[in-house]
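As provided, entry.csv (CSV, C-alpha atoms and all ligand atoms) reads as follows.
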chain,number,residue,atom,x,y,z
A,273,MET,CA,38.5,-9.3,-14.4
A,274,LYS,CA,35.5,-11.4,-15.3
A,275,ALA,CA,32.4,-9.5,-16.4
A,276,ALA,CA,28.9,-10.3,-17.8
A,277,VAL,CA,28.9,-8.3,-21.1
A,278,PHE,CA,25.9,-7.8,-23.4
A,279,ASN,CA,27.3,-7.6,-26.9
A,280,GLY,CA,24.1,-6.6,-28.7
A,281,ASN,CA,23.0,-10.2,-29.3
A,282,ASP,CA,23.9,-12.3,-26.3
A,283,LEU,CA,25.1,-12.1,-22.7
A,284,VAL,CA,28.7,-13.5,-22.4
A,285,ILE,CA,31.1,-13.9,-19.5
A,286,LYS,CA,34.4,-12.6,-20.7
A,287,ASN,CA,37.7,-11.2,-19.4
A,288,VAL,CA,37.9,-7.4,-19.6
A,289,ASP,CA,40.3,-4.8,-18.2
A,290,THR,CA,39.7,-4.0,-14.5
A,291,PRO,CA,38.7,-0.3,-14.6
A,292,THR,CA,41.2,2.4,-13.7
A,293,LEU,CA,40.0,5.1,-11.4
A,294,THR,CA,39.6,8.8,-12.1
A,295,PRO,CA,40.5,11.0,-9.1
A,296,SER,CA,36.8,11.2,-7.9
A,297,GLN,CA,36.0,7.4,-8.2
A,298,VAL,CA,36.2,4.4,-5.9
A,299,LEU,CA,36.8,0.8,-7.0
A,300,ILE,CA,34.3,-1.6,-5.5
A,301,GLN,CA,34.8,-5.3,-5.4
A,302,VAL,CA,31.3,-6.5,-6.2
A,303,LYS,CA,29.9,-9.1,-3.8
A,304,ALA,CA,26.3,-9.5,-4.8
A,305,VAL,CA,24.0,-8.2,-7.6
A,306,GLY,CA,20.2,-8.5,-7.8
A,307,LEU,CA,18.8,-9.2,-11.2
A,308,CYS,CA,16.1,-6.8,-12.4
A,309,GLY,CA,13.4,-6.7,-15.1
A,310,THR,CA,15.5,-4.0,-16.7
A,311,ASP,CA,18.5,-6.4,-17.1
A,312,LEU,CA,16.2,-8.9,-18.7
A,313,ALA,CA,14.8,-6.2,-21.0
A,314,ILE,CA,18.3,-5.3,-22.1
A,315,ILE,CA,19.5,-8.8,-23.0
A,316,GLU,CA,16.2,-9.5,-24.8
A,317,GLY,CA,16.7,-6.4,-26.9
A,318,HIS,CA,13.6,-4.5,-25.6
A,319,LEU,CA,15.7,-1.7,-24.0
A,320,PRO,CA,18.3,-0.2,-26.3
A,321,THR,CA,21.7,0.4,-24.7
A,322,PRO,CA,25.2,1.1,-26.0
A,323,THR,CA,27.1,-2.1,-26.6
A,324,PRO,CA,29.1,-3.8,-25.5
A,325,ILE,CA,28.0,-3.1,-22.0
A,326,ILE,CA,28.4,-4.7,-18.6
A,327,ILE,CA,24.9,-4.9,-17.2
A,328,GLY,CA,23.7,-5.0,-13.5
A,329,HIS,CA,22.7,-2.1,-11.2
A,330,GLU,CA,21.4,-3.4,-7.9
A,331,PHE,CA,24.5,-4.3,-6.1
A,332,SER,CA,26.7,-4.3,-3.0
A,333,GLY,CA,30.4,-4.7,-2.4
A,334,ILE,CA,33.5,-3.5,-0.6
A,335,ILE,CA,35.7,-0.5,-1.6
A,336,VAL,CA,39.2,-1.8,-2.3
A,337,GLU,CA,40.8,1.3,-3.9
A,338,VAL,CA,40.1,5.1,-4.0
A,339,GLY,CA,40.9,7.8,-6.5
A,340,GLU,CA,43.4,10.5,-5.4
A,341,SER,CA,40.8,13.0,-4.3
A,342,VAL,CA,38.8,10.5,-2.3
A,343,ASP,CA,39.3,9.9,1.4
A,344,SER,CA,41.3,6.7,1.9
A,345,ALA,CA,39.2,6.0,5.0
A,346,TRP,CA,36.6,4.6,2.5
A,347,ILE,CA,38.8,1.6,1.8
A,348,GLY,CA,37.4,-1.6,3.3
A,349,LYS,CA,33.9,-0.1,3.7
A,350,ARG,CA,30.8,-2.2,2.8
A,351,VAL,CA,28.8,-0.1,0.4
A,352,VAL,CA,25.9,0.2,-2.0
A,353,SER,CA,25.7,2.6,-4.9
A,354,GLU,CA,23.1,4.8,-6.5
A,355,ILE,CA,22.7,4.3,-10.2
A,356,ASN,CA,22.5,7.8,-11.7
A,357,SER,CA,26.1,8.7,-12.5
A,358,ASN,CA,27.9,11.4,-14.5
A,359,ILE,CA,25.9,14.1,-12.6
A,360,ASP,CA,26.9,17.7,-13.7
A,361,PHE,CA,25.8,19.4,-10.4
A,362,SER,CA,24.8,22.5,-12.5
A,363,CYS,CA,21.7,21.8,-14.6
A,364,TYR,CA,18.1,23.0,-13.8
A,365,TYR,CA,17.4,19.8,-11.8
A,366,CYS,CA,20.7,19.6,-9.9
A,367,GLU,CA,20.2,23.3,-8.8
A,368,ARG,CA,17.0,22.0,-7.2
A,369,ASN,CA,18.8,18.9,-5.7
A,370,ILE,CA,16.9,16.5,-8.0
A,371,PHE,CA,20.1,14.7,-9.0
A,372,THR,CA,18.3,11.6,-10.2
A,373,GLN,CA,16.9,13.7,-13.1
A,374,CYS,CA,20.1,15.5,-14.0
A,375,ILE,CA,20.2,16.1,-17.7
A,376,SER,CA,23.7,14.7,-18.0
A,377,ARG,CA,23.0,11.5,-15.9
A,378,LYS,CA,24.0,8.1,-17.1
A,379,ALA,CA,22.5,5.1,-15.5
A,380,ILE,CA,24.9,2.4,-14.3
A,381,GLY,CA,24.4,-0.9,-16.1
A,382,ILE,CA,22.1,0.7,-18.6
A,383,ASP,CA,23.9,3.7,-20.2
A,384,ILE,CA,27.4,2.9,-18.9
A,385,ASP,CA,29.1,-0.3,-17.5
A,386,GLY,CA,27.4,-1.8,-14.5
A,387,ALA,CA,28.0,-4.2,-11.7
A,388,LEU,CA,27.9,-7.8,-13.1
A,389,ALA,CA,31.7,-7.9,-12.9
A,390,GLU,CA,34.3,-8.6,-10.3
A,391,TYR,CA,35.0,-4.8,-9.9
A,392,ILE,CA,33.2,-1.6,-10.8
A,393,ALA,CA,34.5,2.0,-10.7
A,394,ILE,CA,31.9,4.4,-9.2
A,395,GLU,CA,31.8,8.1,-8.6
A,396,SER,CA,32.4,8.5,-4.8
A,397,TYR,CA,29.3,10.7,-4.4
A,398,LEU,CA,27.1,7.8,-5.3
A,399,VAL,CA,28.3,5.5,-2.6
A,400,HIS,CA,26.6,4.8,0.7
A,401,GLU,CA,28.1,2.8,3.6
A,402,ILE,CA,25.9,0.1,5.1
A,403,SER,CA,26.2,-1.3,8.7
A,404,ASP,CA,27.5,-4.7,9.5
A,405,SER,CA,24.0,-5.8,10.5
A,406,LEU,CA,22.9,-5.7,6.9
A,407,SER,CA,24.1,-8.7,4.8
A,408,LEU,CA,25.6,-8.0,1.4
A,409,ASN,CA,22.8,-10.0,-0.3
A,410,ASP,CA,20.1,-8.1,1.5
A,411,ALA,CA,21.8,-4.9,0.6
A,412,THR,CA,21.2,-5.5,-3.1
A,413,PHE,CA,17.6,-4.5,-2.3
A,414,VAL,CA,18.6,-0.9,-1.3
A,415,GLU,CA,18.2,0.4,-4.9
A,416,PRO,CA,14.7,-1.0,-5.5
A,417,LEU,CA,13.6,-0.2,-1.9
A,418,ALA,CA,14.7,3.4,-2.5
A,419,ALA,CA,12.4,3.3,-5.6
A,420,ALA,CA,9.6,1.9,-3.4
A,421,TYR,CA,10.0,4.7,-0.8
A,422,GLN,CA,9.9,7.2,-3.7
A,423,THR,CA,6.3,6.1,-4.4
A,424,PHE,CA,5.3,7.8,-1.1
A,425,GLU,CA,7.7,10.8,-1.6
A,426,MET,CA,6.1,11.8,-4.9
A,427,MET,CA,2.4,11.3,-3.9
A,428,PRO,CA,0.8,13.6,-1.3
A,429,LEU,CA,-1.3,11.6,1.1
A,430,GLU,CA,-4.7,12.8,2.5
A,431,ASP,CA,-6.7,11.7,5.5
A,432,ASP,CA,-9.2,9.9,3.3
A,433,ASP,CA,-6.5,7.7,1.8
A,434,LYS,CA,-6.9,4.4,3.7
A,435,THR,CA,-6.8,1.6,1.1
A,436,ILE,CA,-4.1,0.8,-1.3
A,437,ALA,CA,-4.4,-1.8,-4.1
A,438,ILE,CA,-1.2,-3.1,-5.5
A,439,PHE,CA,-1.1,-4.8,-8.9
A,440,GLY,CA,1.9,-7.0,-9.4
A,441,LEU,CA,3.8,-8.7,-6.5
A,442,GLY,CA,7.3,-8.8,-7.8
A,443,LYS,CA,10.1,-7.3,-5.8
A,444,LEU,CA,8.9,-3.8,-6.1
A,445,GLY,CA,5.3,-4.6,-5.4
A,446,LEU,CA,6.2,-6.5,-2.2
A,447,LEU,CA,8.5,-3.8,-1.0
A,448,ILE,CA,5.8,-1.1,-1.5
A,449,LEU,CA,3.3,-3.4,0.2
A,450,GLN,CA,5.5,-3.6,3.3
A,451,ILE,CA,5.9,0.2,3.4
A,452,ALA,CA,2.1,0.7,3.0
A,453,VAL,CA,1.4,-1.8,5.8
A,454,PHE,CA,4.0,0.0,8.0
A,455,LYS,CA,2.1,3.3,7.2
A,456,ASN,CA,-1.1,1.6,8.4
A,457,PHE,CA,-2.8,1.3,5.1
A,458,LYS,CA,-5.3,-1.5,4.3
A,459,VAL,CA,-3.6,-3.3,1.4
A,460,ILE,CA,-5.3,-5.2,-1.3
A,461,ALA,CA,-2.7,-7.4,-3.2
A,462,ILE,CA,-3.3,-8.6,-6.8
A,463,ASP,CA,-1.1,-11.1,-8.6
A,464,GLY,CA,-1.3,-14.4,-10.6
A,465,SER,CA,1.1,-16.3,-8.3
A,466,GLU,CA,-0.4,-18.0,-5.2
A,467,LYS,CA,3.1,-18.1,-3.7
A,468,LYS,CA,3.4,-14.3,-4.0
A,469,LEU,CA,-0.1,-13.8,-2.7
A,470,ARG,CA,0.7,-15.9,0.4
A,471,LEU,CA,3.8,-13.8,0.9
A,472,ALA,CA,1.8,-10.6,0.6
A,473,GLU,CA,-0.5,-12.0,3.3
A,474,GLU,CA,2.5,-12.7,5.6
A,475,PHE,CA,3.6,-9.1,5.1
A,476,GLY,CA,0.1,-7.9,6.2
A,477,ALA,CA,-2.0,-7.5,3.1
A,478,SER,CA,-5.7,-7.7,4.2
A,479,LYS,CA,-7.2,-8.9,0.9
A,480,LEU,CA,-5.6,-11.1,-1.8
A,481,ILE,CA,-6.9,-11.4,-5.4
A,482,ASN,CA,-5.5,-14.0,-7.7
A,483,ARG,CA,-6.0,-12.3,-11.1
A,484,LEU,CA,-6.1,-15.6,-12.9
A,485,ALA,CA,-8.9,-16.9,-10.7
A,486,VAL,CA,-11.4,-14.0,-10.9
A,487,ASN,CA,-13.3,-12.6,-13.8
A,488,ASN,CA,-13.6,-9.0,-12.7
A,489,ILE,CA,-10.8,-7.7,-10.6
A,490,SER,CA,-12.1,-4.2,-10.1
A,491,GLN,CA,-15.5,-5.5,-9.0
A,492,LYS,CA,-13.7,-7.6,-6.3
A,493,ILE,CA,-11.8,-4.5,-5.2
A,494,ARG,CA,-15.0,-2.4,-5.0
A,495,GLU,CA,-16.7,-5.1,-3.0
A,496,SER,CA,-14.1,-4.7,-0.3
A,497,THR,CA,-14.0,-0.9,-0.4
A,498,ASN,CA,-17.7,0.0,0.2
A,499,GLY,CA,-18.4,-0.1,-3.5
A,500,LEU,CA,-16.0,2.9,-4.1
A,501,GLY,CA,-12.8,1.4,-5.3
A,502,ALA,CA,-9.3,1.8,-3.7
A,503,ASP,CA,-8.2,5.3,-2.6
A,504,ILE,CA,-4.8,4.6,-4.2
A,505,VAL,CA,-3.9,2.0,-6.8
A,506,ILE,CA,-0.3,1.2,-7.5
A,507,ASP,CA,0.7,-0.6,-10.6
A,508,CYS,CA,3.9,-2.7,-10.3
A,509,SER,CA,2.7,-5.3,-12.8
A,510,GLY,CA,4.8,-4.4,-15.9
A,511,ASN,CA,1.7,-5.7,-17.8
A,512,PRO,CA,0.0,-3.2,-20.1
A,513,ASN,CA,-3.3,-5.0,-19.9
A,514,ALA,CA,-3.3,-4.5,-16.1
A,515,LEU,CA,-3.8,-0.8,-16.6
A,516,VAL,CA,-7.5,-1.2,-17.6
A,517,ASN,CA,-8.1,-2.8,-14.2
A,518,VAL,CA,-5.9,-0.3,-12.4
A,519,VAL,CA,-8.1,2.6,-13.6
A,520,SER,CA,-11.4,0.9,-13.0
A,521,SER,CA,-10.3,-0.2,-9.5
A,522,CYS,CA,-9.5,3.4,-8.4
A,523,ARG,CA,-12.2,5.4,-6.6
A,524,THR,CA,-13.4,8.7,-8.0
A,525,ARG,CA,-10.9,11.5,-7.0
A,526,GLY,CA,-8.5,8.7,-6.1
A,527,LYS,CA,-4.8,8.3,-7.0
A,528,ILE,CA,-3.0,6.0,-9.4
A,529,HIS,CA,0.7,5.5,-9.1
A,530,ILE,CA,2.5,3.8,-12.0
A,531,LYS,CA,5.8,2.1,-10.9
A,532,SER,CA,6.5,0.0,-14.0
A,533,THR,CA,6.8,0.9,-17.6
A,534,HIS,CA,4.9,-1.1,-20.2
A,535,GLY,CA,6.4,0.0,-23.5
A,536,LEU,CA,4.2,1.4,-26.3
A,537,GLY,CA,0.6,0.8,-26.9
A,538,THR,CA,-0.6,0.8,-23.3
A,539,PRO,CA,-4.4,0.9,-23.2
A,540,LEU,CA,-5.7,3.5,-20.8
A,541,ASP,CA,-9.2,4.8,-20.4
A,542,LEU,CA,-8.6,8.5,-20.4
A,543,THR,CA,-12.3,9.4,-20.4
A,544,ASP,CA,-12.8,7.4,-17.2
A,545,LEU,CA,-9.8,9.2,-15.6
A,546,VAL,CA,-11.0,12.6,-16.6
A,547,VAL,CA,-14.7,12.1,-15.7
A,548,ARG,CA,-13.8,10.7,-12.3
A,549,GLU,CA,-11.0,13.2,-11.7
A,550,ILE,CA,-8.3,10.6,-10.9
A,551,THR,CA,-4.7,11.8,-10.5
A,552,ILE,CA,-1.8,9.8,-12.0
A,553,TYR,CA,1.5,9.8,-10.3
A,554,THR,CA,4.8,8.2,-11.4
A,555,SER,CA,8.2,7.7,-9.7
A,556,ARG,CA,11.5,5.9,-10.1
A,557,CYS,CA,14.8,6.2,-8.2
A,558,GLY,CA,14.5,7.2,-4.6
A,559,PRO,CA,16.2,8.1,-1.3
A,560,PHE,CA,19.0,5.6,-0.5
A,561,ARG,CA,19.5,6.7,3.1
A,562,LYS,CA,15.8,6.1,3.8
A,563,ALA,CA,16.0,2.6,2.2
A,564,ILE,CA,19.2,1.6,4.2
A,565,GLU,CA,17.5,2.8,7.4
A,566,GLY,CA,14.3,0.9,6.5
A,567,LEU,CA,16.3,-2.3,6.2
A,568,GLU,CA,18.6,-1.7,9.2
A,569,LYS,CA,15.5,-0.9,11.5
A,570,ASN,CA,13.6,-3.9,10.0
A,571,HIS,CA,10.7,-1.8,8.8
A,572,VAL,CA,11.0,-3.9,5.7
A,573,SER,CA,12.1,-7.5,5.3
A,574,VAL,CA,13.8,-8.7,2.2
A,575,LYS,CA,15.0,-12.2,3.1
A,576,GLU,CA,11.7,-13.7,2.0
A,577,LEU,CA,12.0,-12.0,-1.4
A,578,ILE,CA,15.2,-13.9,-2.3
A,579,SER,CA,14.1,-16.7,-4.6
A,580,ASP,CA,17.5,-18.0,-5.5
A,581,ILE,CA,21.2,-17.2,-5.3
A,582,TYR,CA,23.4,-18.2,-8.3
A,583,LYS,CA,27.2,-18.1,-8.6
A,584,PHE,CA,28.4,-15.5,-11.1
A,585,GLU,CA,29.5,-18.2,-13.5
A,586,LYS,CA,25.9,-19.5,-13.7
A,587,ILE,CA,24.4,-16.2,-14.7
A,588,LYS,CA,22.9,-17.5,-18.0
A,589,ASP,CA,21.0,-20.2,-16.0
A,590,ALA,CA,19.9,-17.5,-13.6
A,591,PHE,CA,18.4,-15.4,-16.4
A,592,ALA,CA,16.7,-18.4,-18.0
A,593,ASN,CA,15.0,-19.3,-14.8
A,594,TYR,CA,14.1,-15.7,-14.0
A,595,LYS,CA,12.3,-15.5,-17.3
A,596,LYS,CA,10.3,-18.7,-17.1
A,597,ASP,CA,9.3,-19.0,-13.5
A,598,ARG,CA,6.3,-16.9,-12.4
A,599,ASP,CA,7.0,-17.5,-8.8
A,600,ILE,CA,10.5,-15.9,-8.8
A,601,ILE,CA,10.7,-12.6,-7.0
A,602,LYS,CA,14.4,-11.9,-6.9
A,603,ILE,CA,17.5,-13.7,-8.0
A,604,ILE,CA,20.9,-12.7,-6.6
A,605,ILE,CA,24.2,-13.3,-8.3
A,606,SER,CA,26.9,-13.9,-5.7
A,607,PHE,CA,30.6,-13.3,-6.2
A,608,GLU,CA,31.4,-15.0,-2.8
A,609,SER,CA,33.3,-18.2,-3.3
B,701,ZN,ZN,22.5,18.1,-13.5

Using the file provided, produce a representation of the structure as structure tokens.
Amino acid sequence: MKAAVFNGNDLVIKNVDTPTLTPSQVLIQVKAVGLCGTDLAIIEGHLPTPTPIIIGHEFSGIIVEVGESVDSAWIGKRVVSEINSNIDFSCYYCERNIFTQCISRKAIGIDIDGALAEYIAIESYLVHEISDSLSLNDATFVEPLAAAYQTFEMMPLEDDDKTIAIFGLGKLGLLILQIAVFKNFKVIAIDGSEKKLRLAEEFGASKLINRLAVNNISQKIRESTNGLGADIVIDCSGNPNALVNVVSSCRTRGKIHIKSTHGLGTPLDLTDLVVREITIYTSRCGPFRKAIEGLEKNHVSVKELISDIYKFEKIKDAFANYKKDRDIIKIIISFES
């Protein structure tokens, strides 16, 4: 089969063996894969992985074969897959049903081979069926949407929490924004792309701030929150320099939720956080069933987030554009001919 393999230096399309199944696995014919900042970080050498590795972890496809201990009724189902594989079901976290933090877990497309290939073998317990109403392209958003829902699973909300400021309107920021609007929060959206800000407005953001056009972002946020700052500030920017504004935009006794990692050397005003008793939350992978339901019930819309669809053979062009164009939200790699 053809696969996009990162060899430690470069991403290459090459022929590799189609995976053979263990008894507990299913073979998925991959139909669509969403590119993610993590994929870019891997091929640019910022995120160490074993090599060679097939990258890609936001995907949808159709089950074409099952291992001997898996129900054959799965064959032909349209599915998406969670990314934390090799779960031991016995560690401290598994005993508490926190499988995404299993000490044995290996992430698909990061620690073990991923989905930018014609086929992928997946443990059957990771697979979720999707309804026919959900397109295979839209279904690639289930994984990031689950992570977006996890923001609200990990952060207890209080009656005084009315305003959410979201820094960074990439895929994750715009998904969280839609959930926040659905939950009736007043949303302040911050980004450097006018195109993304307009989209945030369409999704229901009540205030837009172009970070490249204002001198003092936190002052702008305080101006629209009775001088207090936002009750909740969510960082989806992936930009270490944004965190200074994230902290200063949060009200005293407010909450900060960090959704993107920034690497080393992130400047953070700990004194301000302590003096104003601000709580920091973080979260990553989330509930797949909730994300599938959110899409199937149209609580969240993802069509507007698809910036471009590339054929698998054009994957290098896809990554090149993803890197250079600030307005790109999501690129999908399609295996449909
Ligand atoms: Zn475990």

Pick out the residues sitting within 9 Å of range 491-498 of chain A, and hand them over as a list of chain:residue names; count all atoms listed in the file, and ignore anything fewer than 6 positions along from it in its own chain.
-> A:Thr435, A:Ala437, A:Ile460, A:Lys479, A:Ile481, A:Ser520, A:Ser521, A:Cys522, A:Arg523

Residues just named, written with C-alpha atoms as a short mmCIF file (atom, residue, chain, number, x, y, z; two decimals), in the frame of the given file:
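Produced file selection_22.cif, reproduced below:
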data_model
loop_
_atom_site.label_atom_id
_atom_site.label_comp_id
_atom_site.auth_asym_id
_atom_site.auth_seq_id
_atom_site.Cartn_x
_atom_site.Cartn_y
_atom_site.Cartn_z
CA THR A 435 -6.80 1.60 1.10
CA ALA A 437 -4.40 -1.80 -4.10
CA ILE A 460 -5.30 -5.20 -1.30
CA LYS A 479 -7.20 -8.90 0.90
CA ILE A 481 -6.90 -11.40 -5.40
CA SER A 520 -11.40 0.90 -13.00
CA SER A 521 -10.30 -0.20 -9.50
CA CYS A 522 -9.50 3.40 -8.40
CA ARG A 523 -12.20 5.40 -6.60
#

Could I get the residue neighbourhood of ligand ZN 701 (chain B) at 9 Å, counting all atoms listed in the file, as an MDAnalysis selection string?
-> chainID A and resid 358:367 369:377

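Across A:Glu473, A:Glu430, A:Glu466, A:Glu576, the tightest approach to Leu449 in chain A is made by A:Glu473 when counting only C-alpha atoms.
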
By how many Å are CA of Ala420 in chain A and CA of His529 in chain A apart?
-> 11.2 Å

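When only C-alpha atoms are used to measure the gap to Thr533 in chain A, the shortest distance among A:Lys455, A:Arg548, A:Arg556, A:Lys596 belongs to A:Arg556.
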
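Within the 12 Å cut-off around range 342-345 of chain A, using all atoms listed in the file and omitting residues fewer than 6 positions from it on the same chain, the listed residues are Leu293, Thr294, Pro295, Ser296, Gln297, Val298, Leu299, Ile335, Val336, Ile394, Glu395, Ser396, Tyr397, Val399 and Glu401 of chain A.
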
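CA of Ala275 in chain A lies 12.5 Å from CA of Lys588 in chain A.
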
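Using all atoms listed in the file, the smallest distance between any of A:Leu446, A:Val352, A:Ile587, A:Ala502 and Ile285 in chain A comes from A:Ile587.
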
Which value, in Å to one decimal, gives the distance between CA of Tyr582 in chain A and CA of Phe607 in chain A?
-> 9.0 Å

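With distances restricted to all atoms listed in the file, A:Ser332 is the closest residue to Ser407 in chain A from A:Ser332, A:Asn281, A:Thr292, A:Asn513.
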
Enumerate, as a ChimeraX atom specification, the protein, DNA and RNA residues whose atoms approach (0.8, 2.7, -8.6) to within 6 Å, taking into account all atoms listed in the file and the coordinate frame of the file.
-> /A:505-507,528-531
